[in-house]
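Remarks on the structure that follows.
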Amino acid sequence: MNKKQTIKAMLKEKILLLDGALGTKVMILDGAMGTELQKKGMPVGVCPELWCLEHPEAVSDIHTAYKKAGADVVYTATFGGNRIKLAEYGLTNVREMNKKLARLAKKAVGKDTLVAGDISSTGLFVDPFGPLAFEEAVDIYKEQVQGLIEGGVDLFVIETMIDIQETRAALLAVKETAPYFTLVTMTYEKEGRTLNGTDPLTALITLQSLGADAVGCNCSTGPEDMVAIIAAIKPYAKVPLVVKPNAGMPRLEGNQTIFDMDARSFASFGPKLAAAGANIIGGCCGTTPEFIRRLKRSLSGIKPSAVERKSISAVSSAWGHKIFEKENPLTIVGERLNPTGKKRLQQELLDGSMTLVRQMAREQEQSGAELLDVNVGVPGIDEVRKIEDIIRVLATVSKLPLVVDSSKIETIEAALRFYPGRALINSISGEQEKVKKLLPLAAKYGAMFILLPLTDGEVPETAARRIEIVKDVFKKAHRYGFTKEDIVADGLVMTVASNSQAAVETIKTIQWYTDVFNCRSIVGLSNVSFGMPEREWMNAAFFSMTQTAGLTMAIANPGSEKLIHMKVAGDVLLGKDKNATTYIAHFSDLPPEPKPMKGPSEKPPVKVSAAEIKITTSEDSVHQAVIEGNRDRIVEILKERLAAGEEASHIVDSMMIPAIIHVGGLFEKKIYYLPQLIASAEAMKKGLAYLEPMLKTTKVTKKVKGSVLMATVKGDIHDIGKNIVVLLLQNQGYRVIDLGKDVKPESIIEKSKELRPDVVGLSALMTTTMVNMKDVIGLAAKEGLKLKFMVGGAVVTDAYARSIGAAYAQDGVSAVKTVEKLIKSA
């Protein structure tokens with residue numbers, strides 16, 4: 001047996017060990033590392049990974065303490081051990097540092113306790129949500145993964161993630177390096193979504209499909225909220241669920257951050273978490289070995305709840321999902337993002353414009369589409385590049401999951417790798433090349449696929465032959481782990497103009513899918529009427545027949561009023577619209593009842609009229625460009641308005657400022673999430689930068705509402721939230737002085753003396769650094785400065801802000817309002 005085979009066999013043995021343990025007991029993870037390191041003397045502001053290597057006995061003691069407390073798994077002290085984070089401290093030896101820290105953990109706990117290589121965020125959003133290129137993110141994580149493997153870790157954990165795309169990059173980095181058992185946990189705000197807008201069920205669908213071996217949540221909240229999260233996602237999980245809650249919420253006592261839950265109270269939630277469906281439980285911020293000892297005791301003798309699903313028929317985007325349960329109403333897949341027969345869309349794709357793509361996506365979503373079919377097949381176009389461009393746009397324009405539609409294998413592969421969700425492939429047929437190349441790709445990226453019943457050189461006309469092909473392709477797909485839940489079989493619609501029995505054979509095929517084969521089904525409706533007059537009537541009649549036969553979804557134009565009317569009526573008559581709720585809402589122009597909540601404290605969706613976010617006319621295209629976050633075309637649109645005689649000042653005051661205010665409202669209502677907010681703010685910033693010289697030459701100066709000094713406090717190198725606040729304040733007309741991150745109290749006070757800002761904004765992400773906010777405010781008082789302070793960050797609360805004499809801002813939008821109030825109260 002060679003080295004590679006030996007490693008593979010060893011990994012398989014560890015995975016079997018983990019799977020076996022998970023079937024007999026609730027596995028116990030360790031508790032907090034950062035707060036324990038501080039107790040050992042680690043100062044605020046140093047690189048934790050470097051300090052651990054310089055004080056190996058300290059980190060070894062913590063690992064050993066958690067082992068003695070009963071942890072089955074301990075995490076390496078490598079939370080920030082990636083290239084981006086270590087570079088903040090001038091460190092470049094990523095692989096070596098991770099290797100040494102892994103070996104420290106292994107040595108401390110011995111053979112009886114497993115060591116998980118700990119990976120977390122780079123601190124940057126990943127494309128399509130931020131500046132870090134996706135493949136660069138994968139490479140960054142692979143470097144850390146390799147070091148941890150060399151250090152001898154038994155498994156991996158990817159934790160405290162807020163960006164689903166960055167999480168995907170980290171998971172692929174592990175799985176493409178070696179098949180290690182990998183836990184993945186996201187961190188959710190009180191509202192039940194990550195900072196980037198992903199809800200727990202959407203994350204579960206995406207991550208378990210991509211190959212995560214356990215999925216769950218950690219940090220941000222205490223165990224009570226996590227009980228709700230686990231209970232909500234358990235029915236859809238095909239992997240074990242993991243939780244690592246904080247010890248409640250933090251508060252400040254003197255100069256110490258104290259969490260409001262003691263070890264006894266924390267442990268009392270162990271059985272509740274297990275009953276909700278958690279298979280793996282540990283502790284996060286504020287927990288200690290004593291918390292883990294009591295947790296272990298509370299779970300003694302409790303058997304974990306079984307993982308009941310082997311698969312799930314569902315797709316997802318970055319901030320939404322669609323589950324195809326048999327009792328659900330028929331799903332409309334919007335067909336319009338396909339350039340076939342659309343000359344204007346063809347030309348825009350060739351020109352690199354995405355205006356029509358944005359418009360069509362919005363219109364189809366507003367008209368009732370629940371998925372979007374995307375095809376970029378134009379002669380002479382670079383399909384791989386173009387499909388990535390469209391995904392990049394749609395990721396911030398629409399919450400609808402995508403159907404990747406292409407005849408080219410390389411296009412589908414590029415889309416599956418880059419898409420921040422679980423996609424549906426359109427399609428995999430019985431053609432030898434498609435089966436050979438696309439089935440492995442679909443399996444690697446966890447995609448669902450449309451099974452098209454045709455083979456090389458044969459388009460079968462009868463239901464019987466189509467059934468044979470479907471059986472054959474599914475048999476091959478099953479070898480890659482696919483179940484009937486993972487496929488959507490195409491009815492294969494052909495025109496009745498050339499074969500009068502074409503529709504009949506399709507109906508027979510769909511009925512077999514529904515009644516015998518027990519899988520989901522789909523058709524492209526319009527093919528049936530090709531070459532016939534008055535096609536709309538034939539399409540509508542055929543649609544009604546397929547719906548009765550049990551059709552799951554139809555690729556169609558949701559803008560067809562007749563089609564949508566028939567769909568909602570058919571859903572009622574087939575018993576798939578309980579109490580006719582959607583039907584009544586549709587015909588009374590009222591929004592449907594909110595769906596059941598999916599997570600802790602998640603508020604029901606706000607009832608919103610389509611007019612709030614609808615596509616507008618060219619007369620206010622500047623306004624719409626800001627609302628849509630159209631960074632690519634904002635300057636071009638401004639040039640058009642200026643050429644038409646519009647004054648730069650009028651554009652800013654009457655179009656751009658109202659638009660960004662409207663975006664803030666959409667964000668507050670949870671119609672928009674962080675990706676859309678950032679895109680709109682950046683479009684606004686780009687537009688203002690272009691107009692600035694014109695405002696000066698016309699002797700019109702943009703009125704400055706006030707000045708704000710912003711800084712992330714000493715010891716904290718996280719500045720995503722602070723940067724968003726800076727961007728939004730600048731767009732609202734404030735002069736912002738950004739001091740950056742890890743800023744000493746003395747530096748903040750010195751700048752405040754020099755610049756006399758109206759407001760000083762302080763940010764902190766960690767419980768260990770938010771105490772430095774109080775130091776800044778105390779130093780200002782000592783120096784006799786009467787400054788107005790605003791504080792914010794993931795761990796900061798309103799109560800904490802008031803306790804140190806500051807105003808609280810929950811997010812970027814509320815920060816703008818808070819600054820306005822503070823200045824007005826002066």
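The chains in the structure tokens are called A, B, ... from first to last as shown; in each chain the residues are counted from 1, and the ligands are counted from 1 in the order shown.
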I want to know what sits within 6 Å of stretch 135-149 of chain A, based on only C-alpha atoms, with residues of the same chain fewer than 2 positions away left out; could you give that as a compact mmCIF listing (two decimals) with C-alpha atoms, in the first residue's frame?
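Okay, this is what ended up in selection23.txt:
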```txt
# COMPACT_ATOMS: atom_id res chain seq x y z
CA ASN A 82 -5.23 32.07 6.95
CA ARG A 95 1.53 26.50 6.40
CA ASN A 98 -0.87 25.83 11.13
CA LYS A 99 1.21 22.64 11.18
CA ALA A 102 -2.11 21.28 14.98
CA GLY A 117 -8.41 21.80 12.12
CA ALA A 133 -11.88 36.42 -6.09
CA GLY A 151 0.08 18.76 11.62
CA GLY A 152 -2.04 15.61 11.87
CA VAL A 153 -5.62 16.86 12.36
CA ALA A 169 -14.65 28.25 -0.95
CA ALA A 170 -13.39 26.88 2.38
CA ALA A 173 -10.58 23.73 -0.30
```
Next item on the list: Could you give me, as a ChimeraX atom specification, the residues within 10 Å of A:Asp742, counting only C-alpha atoms and dropping anything in the same chain fewer than 5 positions from it?
Entry: /A:44-45,88,711-719,763-764,769
Export of the given selection (C-alpha atoms) as a PDB file, in the first residue's frame:
```
ATOM      1  CA  VAL A  44      -5.328  42.337  23.359  1.00  0.00           C
ATOM      2  CA  GLY A  45      -4.079  43.274  19.888  1.00  0.00           C
ATOM      3  CA  GLU A  88      -2.418  41.840   9.179  1.00  0.00           C
ATOM      4  CA  ALA A 711     -12.391  53.514  13.799  1.00  0.00           C
ATOM      5  CA  THR A 712     -12.287  49.844  14.712  1.00  0.00           C
ATOM      6  CA  VAL A 713     -10.909  49.759  18.255  1.00  0.00           C
ATOM      7  CA  LYS A 714      -7.552  48.489  19.474  1.00  0.00           C
ATOM      8  CA  GLY A 715      -6.993  44.758  19.150  1.00  0.00           C
ATOM      9  CA  ASP A 716      -9.713  44.245  16.557  1.00  0.00           C
ATOM     10  CA  ILE A 717      -8.784  43.742  12.910  1.00  0.00           C
ATOM     11  CA  HIS A 718     -12.331  43.190  11.659  1.00  0.00           C
ATOM     12  CA  ASP A 719     -13.602  46.143   9.669  1.00  0.00           C
ATOM     13  CA  SER A 763     -16.639  49.391  15.940  1.00  0.00           C
ATOM     14  CA  ALA A 764     -15.747  46.004  17.468  1.00  0.00           C
ATOM     15  CA  THR A 769     -12.094  43.993  22.152  1.00  0.00           C
TER      16      THR A 769
END
```
Check: What lies within 6 Å of stretch 440-449 of chain A using only C-alpha atoms, ignoring chain neighbours under 4 positions off, as a ChimeraX atom specification?
Finding: /A:209-210,422-425,486-487
Checklist line | All residues 12 Å or closer to A:Phe134, only C-alpha atoms, same chain fewer than 6 positions away omitted, as a PyMOL selection string | finding: chain A and resi 124-128+140-141+163-170+172-173+388+392+414+417-420
Check: When you draw a straight line from atom CA of A:Val109 to atom CA of A:Phe269, how long is it in Å?
Finding: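 Distance reported for this atom pair: 26.4 Å.
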Counting only C-alpha atoms, which residues in stretch 502-537 of chain A sit no more than 9 Å from stretch 546-555 of chain A? For each one, give the nearest pair of atoms and the distance in Å, sorted by chain then residue number, as a Markdown table.
```
| residue | atom | partner | partner_atom | distance |
| --- | --- | --- | --- | --- |
| A:Thr506 | CA | A:Thr546 | CA | 8.3 |
| A:Ile507 | CA | A:Thr546 | CA | 6.1 |
| A:Lys508 | CA | A:Ala549 | CA | 8.1 |
| A:Ile510 | CA | A:Ala549 | CA | 6.2 |
| A:Gln511 | CA | A:Ala549 | CA | 5.2 |
| A:Trp512 | CA | A:Ala549 | CA | 8.9 |
| A:Tyr513 | CA | A:Gly550 | CA | 8.4 |
| A:Thr514 | CA | A:Gly550 | CA | 5.8 |
| A:Asp515 | CA | A:Gly550 | CA | 8.4 |
| A:Arg520 | CA | A:Thr552 | CA | 5.6 |
| A:Ser521 | CA | A:Thr552 | CA | 5.1 |
| A:Ile522 | CA | A:Met553 | CA | 4.8 |
| A:Val523 | CA | A:Ala554 | CA | 5.1 |
| A:Gly524 | CA | A:Ile555 | CA | 4.7 |
| A:Leu525 | CA | A:Ile555 | CA | 6.4 |
| A:Ser526 | CA | A:Ile555 | CA | 8.6 |
```
Notebook entry, point to check: Which of stretch 117-309 of chain A counts as alpha helix (DSSP H) under DSSP, as a VMD selection string please?
Noted result: chain A and resid 134 to 150 164 to 177 200 to 210 223 to 233 263 to 267 270 to 276 289 to 298
Notebook entry, point to check: Excluding same-chain residues fewer than 6 positions from A:Ser803, what lies within 10 Å of it counting only C-alpha atoms, as a list in words?
Noted result: Arg251, Leu252, Glu253, Lys774 and Thr797 of chain A
Next item on the list: Point out the residue among A:Met97, A:Met532, A:Ile292, A:Ile280 with the least atom-to-atom distance to A:Ser265, counting only C-alpha atoms.
Entry: A:Ile292
Next item on the list: Pick out the residues sitting within 10 Å of A:Glu189, and hand them over as a count of residues only; count only C-alpha atoms, and ignore anything fewer than 4 positions along from it in its own chain.
Entry: 15
Item checked: All strand (DSSP E or B) residues (DSSP, backbone) inside stretch 288-346 of chain A, as a list in words ->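 Restricting stretch 288-346 of chain A to strand (DSSP E or B) produces Ala314, Val315, Ser316, His321, Lys322, Ile323, Thr331, Ile332, Val333, Gly334, Glu335, Arg336 and Leu337 of chain A.
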Notebook entry, point to check: A:Leu563: which residues within 8 Å, counting only C-alpha atoms, same-chain residues fewer than 3 positions away excluded, as a PyMOL selection string?
Noted result: chain A and resi 540+543+558+560+566-567
Could you please take those selected residues and save N, CA, C and O atoms as a PDB file, in the first residue's frame?
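So selection.pdb came out as:
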```pdb
ATOM      1  N   ALA A 540     -51.768  27.038 -23.107  1.00  0.00           N
ATOM      2  CA  ALA A 540     -52.556  27.068 -21.877  1.00  0.00           C
ATOM      3  C   ALA A 540     -53.288  25.744 -21.658  1.00  0.00           C
ATOM      4  O   ALA A 540     -53.312  25.204 -20.541  1.00  0.00           O
ATOM      5  N   PHE A 543     -50.763  23.084 -20.746  1.00  0.00           N
ATOM      6  CA  PHE A 543     -50.294  23.313 -19.380  1.00  0.00           C
ATOM      7  C   PHE A 543     -51.265  22.712 -18.365  1.00  0.00           C
ATOM      8  O   PHE A 543     -50.865  22.034 -17.406  1.00  0.00           O
ATOM      9  N   PRO A 558     -43.468  33.728 -17.026  1.00  0.00           N
ATOM     10  CA  PRO A 558     -44.389  34.088 -15.949  1.00  0.00           C
ATOM     11  C   PRO A 558     -45.155  35.374 -16.228  1.00  0.00           C
ATOM     12  O   PRO A 558     -46.102  35.698 -15.512  1.00  0.00           O
ATOM     13  N   SER A 560     -46.994  35.755 -18.756  1.00  0.00           N
ATOM     14  CA  SER A 560     -48.247  35.372 -19.398  1.00  0.00           C
ATOM     15  C   SER A 560     -49.350  35.313 -18.346  1.00  0.00           C
ATOM     16  O   SER A 560     -49.403  34.395 -17.530  1.00  0.00           O
ATOM     17  N   MET A 566     -54.196  30.274 -14.747  1.00  0.00           N
ATOM     18  CA  MET A 566     -54.511  28.848 -14.805  1.00  0.00           C
ATOM     19  C   MET A 566     -53.719  28.055 -13.762  1.00  0.00           C
ATOM     20  O   MET A 566     -54.221  27.103 -13.168  1.00  0.00           O
ATOM     21  N   LYS A 567     -52.496  28.451 -13.548  1.00  0.00           N
ATOM     22  CA  LYS A 567     -51.658  27.749 -12.562  1.00  0.00           C
ATOM     23  C   LYS A 567     -52.260  27.856 -11.161  1.00  0.00           C
ATOM     24  O   LYS A 567     -52.428  26.851 -10.462  1.00  0.00           O
TER      25      LYS A 567
END
```
Check: When you draw a straight line from atom CA of A:Val572 to atom CA of A:Thr202, how long is it in Å?
Finding: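 A separation of 27.2 Å between them.
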Notebook entry, point to check: Suppose you want the space between atom CA of A:Asn426 and atom CA of A:Phe474; what is it in Å?
Noted result: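 Between atom CA of A:Asn426 and atom CA of A:Phe474 the gap is 15.3 Å.
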